[in-house]
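Below is upload_31.txt, holding compact mmCIF, C-alpha atoms.
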# COMPACT_ATOMS: atom_id res chain seq x y z
CA MET A 358 43.15 293.69 192.17
CA TYR A 359 46.45 292.03 191.32
CA SER A 360 49.69 294.00 191.40
CA TYR A 361 51.33 293.54 187.99
CA THR A 362 54.82 293.32 189.48
CA SER A 363 53.79 290.54 191.88
CA LEU A 364 51.86 288.40 189.39
CA ASP A 365 54.64 285.82 189.18
CA SER A 366 53.80 284.62 192.67
CA MET A 367 50.06 285.35 192.72
CA ILE A 368 48.51 284.00 189.53
CA ASP A 369 46.55 280.78 189.37
CA LEU A 370 49.04 278.58 187.49
CA GLU A 371 46.33 276.06 186.70
CA ASN A 372 44.56 278.58 184.47
CA PHE A 373 47.14 281.26 183.60
CA GLU A 374 50.84 281.50 182.77
CA ILE A 375 53.58 284.10 182.34
CA PRO A 376 55.33 283.57 178.98
CA VAL A 377 58.76 284.68 177.90
CA CYS A 378 59.19 287.15 175.03
CA ALA A 379 58.93 285.35 171.70
CA LEU A 380 62.03 287.13 170.40
CA THR A 381 64.42 286.96 173.37
CA GLY A 382 63.20 283.95 175.37
CA ARG A 383 63.38 286.11 178.51
CA THR A 384 60.89 287.70 180.92
CA ASN A 385 62.14 291.28 180.95
CA TYR A 386 58.90 293.18 180.53
CA GLU A 387 56.84 296.14 181.67
CA ASP A 388 53.11 296.75 181.75
CA TYR A 389 51.44 298.16 178.62
CA PRO A 390 48.17 299.48 180.10
CA TRP A 391 46.77 301.02 176.91
CA GLY A 392 46.74 297.56 175.34
CA ALA A 393 44.84 296.05 178.26
CA LEU A 394 42.36 298.94 178.15
CA HIS A 395 41.71 298.58 174.43
CA LEU A 396 41.25 294.81 174.62
CA ASN A 397 39.04 295.18 177.73
CA LEU A 398 40.97 292.51 179.60
CA ALA A 399 39.93 291.09 182.96
CA GLN A 400 42.54 290.46 185.66
CA PRO A 401 44.94 288.74 185.78
CA ILE A 402 45.37 288.91 181.97
CA ARG A 403 47.36 291.96 180.85
CA VAL A 404 49.52 293.17 177.95
CA ALA A 405 53.29 293.23 178.47
CA LYS A 406 56.00 295.03 176.50
CA CYS A 407 59.45 293.48 176.27
CA LYS A 408 62.01 296.05 177.45
CA GLU A 409 64.62 294.70 175.00
CA THR A 410 62.66 294.34 171.75
CA GLY A 411 59.39 296.22 172.19
CA MET A 412 57.44 292.98 171.56
CA LEU A 413 53.87 293.23 172.88
CA TYR A 414 52.12 290.13 174.18
CA LEU A 415 49.50 288.79 176.57
CA CYS A 416 51.11 288.34 179.99
CA PRO A 417 49.73 286.66 182.01
CA ARG A 418 47.76 284.72 179.42
CA PRO A 419 45.47 281.67 179.50
CA SER A 420 47.38 278.47 180.30
CA LYS A 421 48.26 276.04 177.55
CA LYS A 422 45.56 273.69 178.83
CA ASN A 423 42.93 276.42 178.54
CA ARG A 424 44.15 277.50 175.10
CA GLU A 425 43.88 273.91 173.87
CA THR A 426 40.35 273.74 175.27
CA MET A 427 39.50 276.93 173.36
CA LEU A 428 40.85 275.39 170.14
CA LYS A 429 38.28 272.61 170.60
CA GLY A 430 35.50 275.20 170.59
CA ILE A 431 34.97 275.18 174.37
CA LEU A 432 35.49 278.18 176.65
CA PRO A 433 37.05 277.13 179.99
CA ASP A 434 35.35 278.18 183.24
CA ALA A 435 38.28 280.48 184.13
CA LEU A 436 37.58 282.52 180.98
CA ARG A 437 33.79 282.88 181.27
CA GLU A 438 34.16 286.67 181.52
CA TYR A 439 34.92 286.55 177.79
CA GLY A 440 31.51 285.22 176.82
CA GLU A 441 30.27 281.86 175.64
CA ARG A 442 31.39 281.77 172.01
CA THR A 443 34.73 280.73 170.54
CA TYR A 444 36.12 282.09 167.26
CA ASN A 445 35.08 280.88 163.78
CA TYR A 446 38.35 281.14 161.84
CA ALA A 447 37.00 279.35 158.76
CA ALA A 448 34.26 281.96 158.31
CA VAL A 449 36.82 284.79 158.45
CA ASP A 450 39.10 282.93 156.03
CA LYS A 451 36.41 282.93 153.34
CA LEU A 452 36.17 286.74 153.56
CA ARG A 453 39.81 287.11 152.49
CA THR A 454 39.56 285.57 149.02
CA PHE A 455 40.22 288.89 147.25
CA ASP A 456 43.41 289.34 149.27
CA PHE A 457 44.42 285.76 148.47
CA GLU A 458 44.05 286.37 144.73
CA GLU A 459 46.19 289.50 145.01
CA ARG A 460 49.03 287.89 146.91
CA VAL A 461 49.19 284.78 144.71
CA LEU A 462 49.70 287.08 141.74
CA ILE A 463 52.55 288.73 143.68
CA PHE A 464 54.11 285.33 144.35
CA ASN A 465 53.85 284.51 140.63
CA THR A 466 56.02 287.52 139.80
CA PHE A 467 58.68 286.25 142.23
CA PHE A 468 58.44 282.62 141.12
CA PRO A 469 57.37 282.50 137.44
CA LYS A 470 58.71 278.97 136.85
CA ASN A 471 56.70 275.78 136.52
CA ASN A 472 56.61 273.05 139.21
CA LYS A 473 56.61 275.62 142.01
CA ILE A 474 55.33 274.47 145.38
CA ILE A 475 53.76 276.42 148.25
CA LEU A 476 52.93 275.53 151.85
CA ASP A 477 49.94 277.23 153.46
CA VAL A 478 50.33 277.18 157.25
CA GLY A 479 46.99 277.68 158.98
CA THR A 480 44.93 276.49 156.03
CA SER A 481 41.53 276.87 157.72
CA SER A 482 38.82 276.26 155.08
CA GLY A 483 41.35 275.90 152.24
CA SER A 484 40.41 279.08 150.35
CA PHE A 485 43.99 280.18 149.78
CA MET A 486 45.11 276.74 148.60
CA GLU A 487 42.29 276.57 146.04
CA ILE A 488 43.32 279.94 144.60
CA ALA A 489 47.02 279.03 144.55
CA ILE A 490 46.28 275.78 142.70
CA ARG A 491 44.14 277.67 140.19
CA HIS A 492 47.16 279.91 139.51
CA GLY A 493 49.51 277.03 138.78
CA TRP A 494 50.99 276.15 142.17
CA GLN A 495 51.39 272.77 143.76
CA ALA A 496 49.99 273.35 147.22
CA LYS A 497 50.16 271.64 150.59
CA GLY A 498 48.49 272.81 153.76
CA LEU A 499 48.96 272.48 157.51
CA GLU A 500 46.09 273.06 159.95
CA PRO A 501 45.76 272.54 163.75
CA PHE A 502 41.95 272.11 163.76
CA PRO A 503 40.90 268.50 162.94
CA ASP A 504 37.46 269.55 161.65
CA ASP A 505 39.01 272.00 159.18
CA VAL A 506 41.48 269.33 158.03
CA LYS A 507 38.54 267.06 157.20
CA VAL A 508 36.77 269.85 155.31
CA CYS A 509 39.88 270.50 153.20
CA GLN A 510 40.54 266.82 152.58
CA ASN A 511 36.94 266.36 151.45
CA LYS A 512 37.67 269.07 148.84
CA GLY A 513 40.64 266.99 147.63
CA LEU A 514 43.24 269.34 149.12
CA ASP A 515 46.52 267.98 150.48
CA VAL A 516 46.18 269.18 154.08
CA THR A 517 47.86 267.66 157.14
CA LEU A 518 47.00 268.04 160.81
CA GLY A 519 49.90 269.70 162.62
CA LEU A 520 51.51 272.74 164.19
CA ALA A 521 53.60 275.52 162.69
CA GLU A 522 56.35 274.93 165.25
CA SER A 523 56.89 271.37 164.03
CA LEU A 524 56.41 271.15 160.27
CA PRO A 525 56.15 267.55 159.02
CA TYR A 526 58.11 268.22 155.82
CA ALA A 527 61.68 267.67 154.63
CA ASP A 528 64.30 270.40 154.43
CA ASN A 529 64.43 272.55 151.26
CA THR A 530 60.98 271.52 149.98
CA PHE A 531 58.97 274.70 149.26
CA ASP A 532 59.38 277.83 147.18
CA VAL A 533 56.98 279.78 149.42
CA VAL A 534 55.64 279.34 152.94
CA HIS A 535 52.46 281.39 153.26
CA THR A 536 50.79 282.41 156.53
CA SER A 537 47.76 284.65 156.93
CA HIS A 538 46.84 285.83 160.44
CA VAL A 539 48.59 282.87 162.03
CA PHE A 540 51.72 284.08 163.83
CA GLU A 541 49.81 286.14 166.39
CA HIS A 542 48.20 282.91 167.65
CA LEU A 543 51.26 280.67 167.89
CA GLU A 544 52.85 279.20 170.99
CA ASP A 545 56.35 280.01 169.70
CA PRO A 546 56.48 282.35 166.66
CA LEU A 547 60.28 282.31 166.43
CA LEU A 548 60.40 278.50 166.35
CA ALA A 549 57.71 278.56 163.65
CA ALA A 550 59.74 281.05 161.58
CA ARG A 551 62.82 278.83 161.92
CA GLU A 552 60.78 275.81 160.85
CA ALA A 553 59.62 277.75 157.78
CA TYR A 554 63.26 278.60 157.05
CA ARG A 555 64.17 274.90 157.27
CA VAL A 556 61.54 273.67 154.81
CA LEU A 557 62.10 276.48 152.29
CA LYS A 558 64.38 275.97 149.32
CA PRO A 559 67.38 278.34 149.11
CA GLY A 560 65.95 281.57 147.75
CA GLY A 561 62.48 280.67 149.06
CA LEU A 562 60.06 283.18 150.58
CA LEU A 563 58.31 283.28 153.94
CA PHE A 564 55.20 285.50 153.75
CA ILE A 565 53.56 286.59 157.00
CA GLU A 566 50.45 288.74 157.31
CA VAL A 567 49.47 289.78 160.85
CA PRO A 568 47.40 292.48 162.50
CA ASN A 569 49.40 295.42 163.83
CA GLN A 570 46.80 295.74 166.54
CA LEU A 571 48.51 297.73 169.31
CA ASP A 572 51.39 299.48 167.53
CA ASN A 573 49.82 301.10 164.46
CA PHE A 574 49.68 304.85 163.75
CA GLY A 575 46.03 305.19 164.75
CA PHE A 576 46.60 303.49 168.10
CA HIS A 577 49.58 305.72 168.93
CA ARG A 578 47.50 308.77 167.92
CA ASP A 579 44.72 307.68 170.26
CA MET A 580 47.20 307.07 173.08
CA PHE A 581 48.62 310.57 172.59
CA PHE A 582 45.15 312.11 172.89
CA ARG A 583 44.20 309.63 175.66
CA ASN A 584 41.29 308.47 173.56
CA VAL A 585 41.92 304.74 173.17
CA GLN A 586 38.66 302.95 172.41
CA GLN A 587 37.67 299.94 174.47
CA ARG A 588 36.37 296.94 172.53
CA LYS A 589 33.64 294.61 173.70
CA ARG A 590 35.04 291.96 176.02
CA ASP A 591 34.75 288.62 174.23
CA ILE A 592 36.92 285.77 172.99
CA ALA A 593 38.61 288.09 170.45
CA SER A 594 40.05 290.01 173.42
CA ILE A 595 42.35 287.10 174.26
CA HIS A 596 42.76 284.95 171.15
CA HIS A 597 45.90 286.83 170.01
CA LEU A 598 48.93 285.95 172.11
CA TRP A 599 51.36 288.29 170.31
CA PHE A 600 50.87 291.82 168.97
CA PHE A 601 53.43 292.37 166.23
CA GLY A 602 54.43 295.78 164.94
CA LYS A 603 56.61 296.60 161.95
CA LYS A 604 59.82 296.56 164.00
CA THR A 605 59.10 293.37 165.91
CA LEU A 606 58.00 291.49 162.79
CA HIS A 607 61.26 292.53 161.14
CA GLN A 608 63.16 291.26 164.18
CA LEU A 609 61.36 287.92 163.95
CA TYR A 610 62.63 287.42 160.39
CA GLN A 611 66.16 288.47 161.34
CA ARG A 612 66.38 286.14 164.32
CA ALA A 613 65.14 283.23 162.17
CA GLY A 614 67.95 283.80 159.61
CA PHE A 615 66.05 285.46 156.74
CA THR A 616 67.52 288.16 154.50
CA ASN A 617 66.15 290.80 152.09
CA ILE A 618 63.42 291.45 154.65
CA ARG A 619 60.59 293.87 153.91
CA VAL A 620 57.68 294.69 156.20
CA VAL A 621 55.01 296.70 154.41
CA ASN A 622 51.63 298.23 155.19
CA LYS A 623 48.35 296.87 153.90
CA HIS A 624 46.17 299.90 153.33
CA HIS A 625 42.40 299.85 153.39
CA LYS A 626 40.40 301.39 150.58
CA THR A 627 40.80 305.17 150.42
CA PHE A 628 37.62 307.04 151.36
CA SER A 629 36.03 309.46 148.88
CA GLY A 630 34.09 312.70 149.25
CA TRP A 631 34.70 314.93 152.25
CA ARG A 632 36.70 312.17 153.95
CA LEU A 633 39.26 311.91 151.13
CA PRO A 634 41.81 314.45 152.50
CA PHE A 635 41.71 312.86 155.95
CA SER A 636 42.06 309.39 154.42
CA LEU A 637 45.09 310.45 152.37
CA LEU A 638 46.67 312.17 155.38
CA SER A 639 46.16 309.10 157.57
CA LYS A 640 47.70 306.92 154.87
CA ALA A 641 50.75 309.17 154.56
CA LEU A 642 51.29 309.34 158.32
CA SER A 643 50.87 305.55 158.63
CA ASN A 644 53.63 305.11 156.06
CA LEU A 645 55.92 307.38 158.08
CA PHE A 646 55.07 306.29 161.61
CA TYR A 647 54.29 302.83 163.00
CA GLY A 648 52.27 301.46 160.06
CA THR A 649 48.70 300.40 159.41
CA TYR A 650 46.43 297.98 161.24
CA ILE A 651 47.55 295.07 159.02
CA ILE A 652 51.16 294.50 157.98
CA ARG A 653 52.86 292.03 155.66
CA GLY A 654 56.33 290.57 155.90
CA PHE A 655 58.54 289.20 153.12
CA GLY A 656 61.77 287.40 153.98
CA TYR A 657 64.01 285.11 151.91
CA LYS A 658 66.18 282.15 152.75
CA PRO A 659 69.68 282.92 151.46
CA LYS A 660 70.71 281.09 148.29
CA GLY A 661 74.31 280.55 149.26
Show the structure stored in the file as structure tokens.
Amino acid sequence: MYSYTSLDSMIDLENFEIPVCALTGRTNYEDYPWGALHLNLAQPIRVAKCKETGMLYLCPRPSKKNRETMLKGILPDALREYGERTYNYAAVDKLRTFDFEERVLIFNTFFPKNNKIILDVGTSSGSFMEIAIRHGWQAKGLEPFPDDVKVCQNKGLDVTLGLAESLPYADNTFDVVHTSHVFEHLEDPLLAAREAYRVLKPGGLLFIEVPNQLDNFGFHRDMFFRNVQQRKRDIASIHHLWFFGKKTLHQLYQRAGFTNIRVVNKHHKTFSGWRLPFSLLSKALSNLFYGTYIIRGFGYKPKG
């Protein structure tokens, strides 16, 4: 077994790396064992918690070379403990169409004008772009997977191959930058948020939806009762590099220069019958403490 405090000198740097905190750029962290237990991680991969910000993240994590191999649909030999399959993001994207309809209607209340333009970062299969266009938006997309870019382009969508940390667009171009379950995967979330800030028009909105996987109310309840559930060990155990909570997502917006920041809970459907009181209680407690499993951020580029 590796000693967590000595990992800097012991890990295989060909296959694993120790990242800095996305918010501070420093390596001032402590072990977060409940996170590693829940994700069912194999050594040397662990979950770290930044002592300055509370940011949770994989540390050590797969090396950049291995992450790029995973993006190509291939699991590197060093990660064989996580199964044989990689993740099908396009299939998951198609399951979120109801959510996409809902949030485009929200954007329409903020930006009722004509000739409004939106950038979808992490376009995947293009489902969100199709809905945005249907609701009157000009839409562009950015996607890191070449196969998904081809799928979108074959649909006639304006999608470019690229990364969120280096947006190939001019300053002050978009009314909205939309991201759905993207920031938890990024190499540098703060750089990506600053890039979104750059390409937004003054008064423009950056929308971020991410899982609040290790800092939600239910997870803290399970930690208190020492009843954290362990998931099956597979590629989903390690495909998130960052584990945002409500406070750390708010900090991300602040450090990127955004104002009028709101981080809100996305609640699941309320149960009925005998489970209704427990469902309502869980919802109320989630609103008071830590938040739900999925959270949404809204932040605006100042007009002046």
Write out as a VMD selection string each polymer residue whose atoms come within 6 Å of region 503-511 of chain A, counting only C-alpha atoms; drop sequence neighbours fewer than 6 positions from it. chain A and resid 481 to 483
With all atoms listed in the file as the counted atoms, please give the residues lying no more than 9 Å from Leu563 (chain A), apart from itself and same-chain residues fewer than 6 positions off, as number ranges by chain.
A: 532-536, 550, 553-554, 557, 610, 615, 654-658
Name the residues, using the chain letters and numbers of the file, that sit within 10 Å of (49.8, 289.3, 155.0) when counting all atoms listed in the file, and give them as an mmCIF file with C-alpha atoms, keeping the file's coordinate frame.
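Output (result.cif):
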data_model
loop_
_atom_site.group_PDB
_atom_site.id
_atom_site.type_symbol
_atom_site.label_atom_id
_atom_site.label_comp_id
_atom_site.auth_asym_id
_atom_site.auth_seq_id
_atom_site.Cartn_x
_atom_site.Cartn_y
_atom_site.Cartn_z
ATOM 1 C CA ASP A 456 43.410 289.340 149.270
ATOM 2 C CA PHE A 457 44.420 285.760 148.470
ATOM 3 C CA ARG A 460 49.030 287.890 146.910
ATOM 4 C CA HIS A 535 52.460 281.390 153.260
ATOM 5 C CA THR A 536 50.790 282.410 156.530
ATOM 6 C CA SER A 537 47.760 284.650 156.930
ATOM 7 C CA HIS A 538 46.840 285.830 160.440
ATOM 8 C CA VAL A 539 48.590 282.870 162.030
ATOM 9 C CA PHE A 564 55.200 285.500 153.750
ATOM 10 C CA ILE A 565 53.560 286.590 157.000
ATOM 11 C CA GLU A 566 50.450 288.740 157.310
ATOM 12 C CA VAL A 567 49.470 289.780 160.850
ATOM 13 C CA PRO A 568 47.400 292.480 162.500
ATOM 14 C CA VAL A 620 57.680 294.690 156.200
ATOM 15 C CA VAL A 621 55.010 296.700 154.410
ATOM 16 C CA ASN A 622 51.630 298.230 155.190
ATOM 17 C CA LYS A 623 48.350 296.870 153.900
ATOM 18 C CA ILE A 651 47.550 295.070 159.020
ATOM 19 C CA ILE A 652 51.160 294.500 157.980
ATOM 20 C CA ARG A 653 52.860 292.030 155.660
ATOM 21 C CA GLY A 654 56.330 290.570 155.900
ATOM 22 C CA PHE A 655 58.540 289.200 153.120
#
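Using only C-alpha atoms, every residue with an atom at most 12 Å from the point (33.8, 284.2, 179.9) is listed here: Leu398, Ala399, Pro419, Met427, Ile431, Leu432, Pro433, Asp434, Ala435, Leu436, Arg437, Glu438, Tyr439, Gly440, Glu441, Arg442, Thr443, Arg590, Asp591, Ile592, Ala593, Ser594 and Ile595 of chain A.
Of the listed residues (A:Ile490, A:Leu514, A:Val556, A:Leu462), A:Val556 comes nearest to Phe531 (chain A); the distances count all atoms listed in the file.
Closest approach to Asp545 (chain A) among A:Gly479, A:Pro376, A:Gly430, A:Gly519: A:Pro376, based on only C-alpha atoms.
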Min atom-atom distance to Glu500 (chain A) from the set A:Leu428, A:Val585, A:Ala613, A:Ile463, counting all atoms listed in the file, belongs to A:Leu428
Pairwise distance, CA of Arg383 (chain A) with CA of Lys422 (chain A), equals 21.7 Å
Mind working out the centre and edge lengths of an axis-aligned box for region 452-471 of chain A, all listed atoms inside, 3 Å added to each side, rounded to one decimal in Å and written as JSON?
{"center_x": 47.4, "center_y": 282.6, "center_z": 145.0, "size_x": 28.5, "size_y": 19.7, "size_z": 23.0}
(Q) I'd like the contact shell of region 520-528 of chain A - 6 Å cut-off, only C-alpha atoms, skipping same-chain residues fewer than 5 positions apart - returned as a PyMOL selection string. (A) chain A and resi 501+548-549+555-556
Just C-alpha atoms for this one: save the residues we selected as a PDB file, in the frame of the given file.
ATOM      1  CA  PRO A 501      45.760 272.540 163.750  1.00  0.00           C
ATOM      2  CA  LEU A 548      60.400 278.500 166.350  1.00  0.00           C
ATOM      3  CA  ALA A 549      57.710 278.560 163.650  1.00  0.00           C
ATOM      4  CA  ARG A 555      64.170 274.900 157.270  1.00  0.00           C
ATOM      5  CA  VAL A 556      61.540 273.670 154.810  1.00  0.00           C
TER       6      VAL A 556
END
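For the atom pair formed by CA of Leu606 (chain A) and CA of Leu370 (chain A), the distance is 29.3 Å, given to one decimal.
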Output of region 478-492 of chain A limited to N, CA, C and O atoms, as a short mmCIF file (atom, residue, chain, number, x, y, z; two decimals), in the first residue's frame:
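Written out: result-v8.cif:
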data_model
loop_
_atom_site.label_atom_id
_atom_site.label_comp_id
_atom_site.auth_asym_id
_atom_site.auth_seq_id
_atom_site.Cartn_x
_atom_site.Cartn_y
_atom_site.Cartn_z
N VAL A 478 -20.41 24.32 -25.02
CA VAL A 478 -19.09 23.71 -24.84
C VAL A 478 -19.27 22.28 -24.34
O VAL A 478 -19.89 22.05 -23.30
N GLY A 479 -18.74 21.33 -25.09
CA GLY A 479 -18.98 19.92 -24.81
C GLY A 479 -20.27 19.47 -25.47
O GLY A 479 -21.18 18.93 -24.84
N THR A 480 -20.34 19.69 -26.78
CA THR A 480 -21.57 19.52 -27.55
C THR A 480 -22.05 18.07 -27.60
O THR A 480 -23.25 17.81 -27.69
N SER A 481 -21.13 17.12 -27.58
CA SER A 481 -21.46 15.70 -27.65
C SER A 481 -22.27 15.41 -28.92
O SER A 481 -21.82 15.71 -30.02
N SER A 482 -23.48 14.88 -28.79
CA SER A 482 -24.27 14.51 -29.97
C SER A 482 -25.01 15.68 -30.60
O SER A 482 -25.66 15.52 -31.64
N GLY A 483 -24.98 16.86 -29.96
CA GLY A 483 -25.63 18.04 -30.52
C GLY A 483 -27.06 18.25 -30.09
O GLY A 483 -27.74 19.15 -30.61
N SER A 484 -27.54 17.48 -29.11
CA SER A 484 -28.94 17.57 -28.69
C SER A 484 -29.29 18.96 -28.18
O SER A 484 -30.34 19.52 -28.53
N PHE A 485 -28.42 19.54 -27.35
CA PHE A 485 -28.73 20.87 -26.82
C PHE A 485 -28.77 21.91 -27.92
O PHE A 485 -29.66 22.77 -27.95
N MET A 486 -27.81 21.87 -28.85
CA MET A 486 -27.78 22.85 -29.93
C MET A 486 -29.06 22.79 -30.76
O MET A 486 -29.61 23.84 -31.14
N GLU A 487 -29.53 21.59 -31.06
CA GLU A 487 -30.76 21.45 -31.86
C GLU A 487 -31.94 22.10 -31.16
O GLU A 487 -32.77 22.77 -31.80
N ILE A 488 -32.03 21.93 -29.85
CA ILE A 488 -33.13 22.53 -29.09
C ILE A 488 -32.98 24.05 -29.04
O ILE A 488 -33.97 24.79 -29.21
N ALA A 489 -31.76 24.53 -28.82
CA ALA A 489 -31.54 25.98 -28.77
C ALA A 489 -31.91 26.63 -30.10
O ALA A 489 -32.56 27.69 -30.13
N ILE A 490 -31.52 26.02 -31.20
CA ILE A 490 -31.85 26.56 -32.53
C ILE A 490 -33.36 26.59 -32.73
O ILE A 490 -33.91 27.56 -33.26
N ARG A 491 -34.03 25.53 -32.28
CA ARG A 491 -35.49 25.47 -32.41
C ARG A 491 -36.17 26.59 -31.62
O ARG A 491 -37.26 27.03 -31.97
N HIS A 492 -35.50 27.08 -30.58
CA HIS A 492 -36.07 28.15 -29.75
C HIS A 492 -35.52 29.52 -30.13
O HIS A 492 -35.62 30.47 -29.34
#
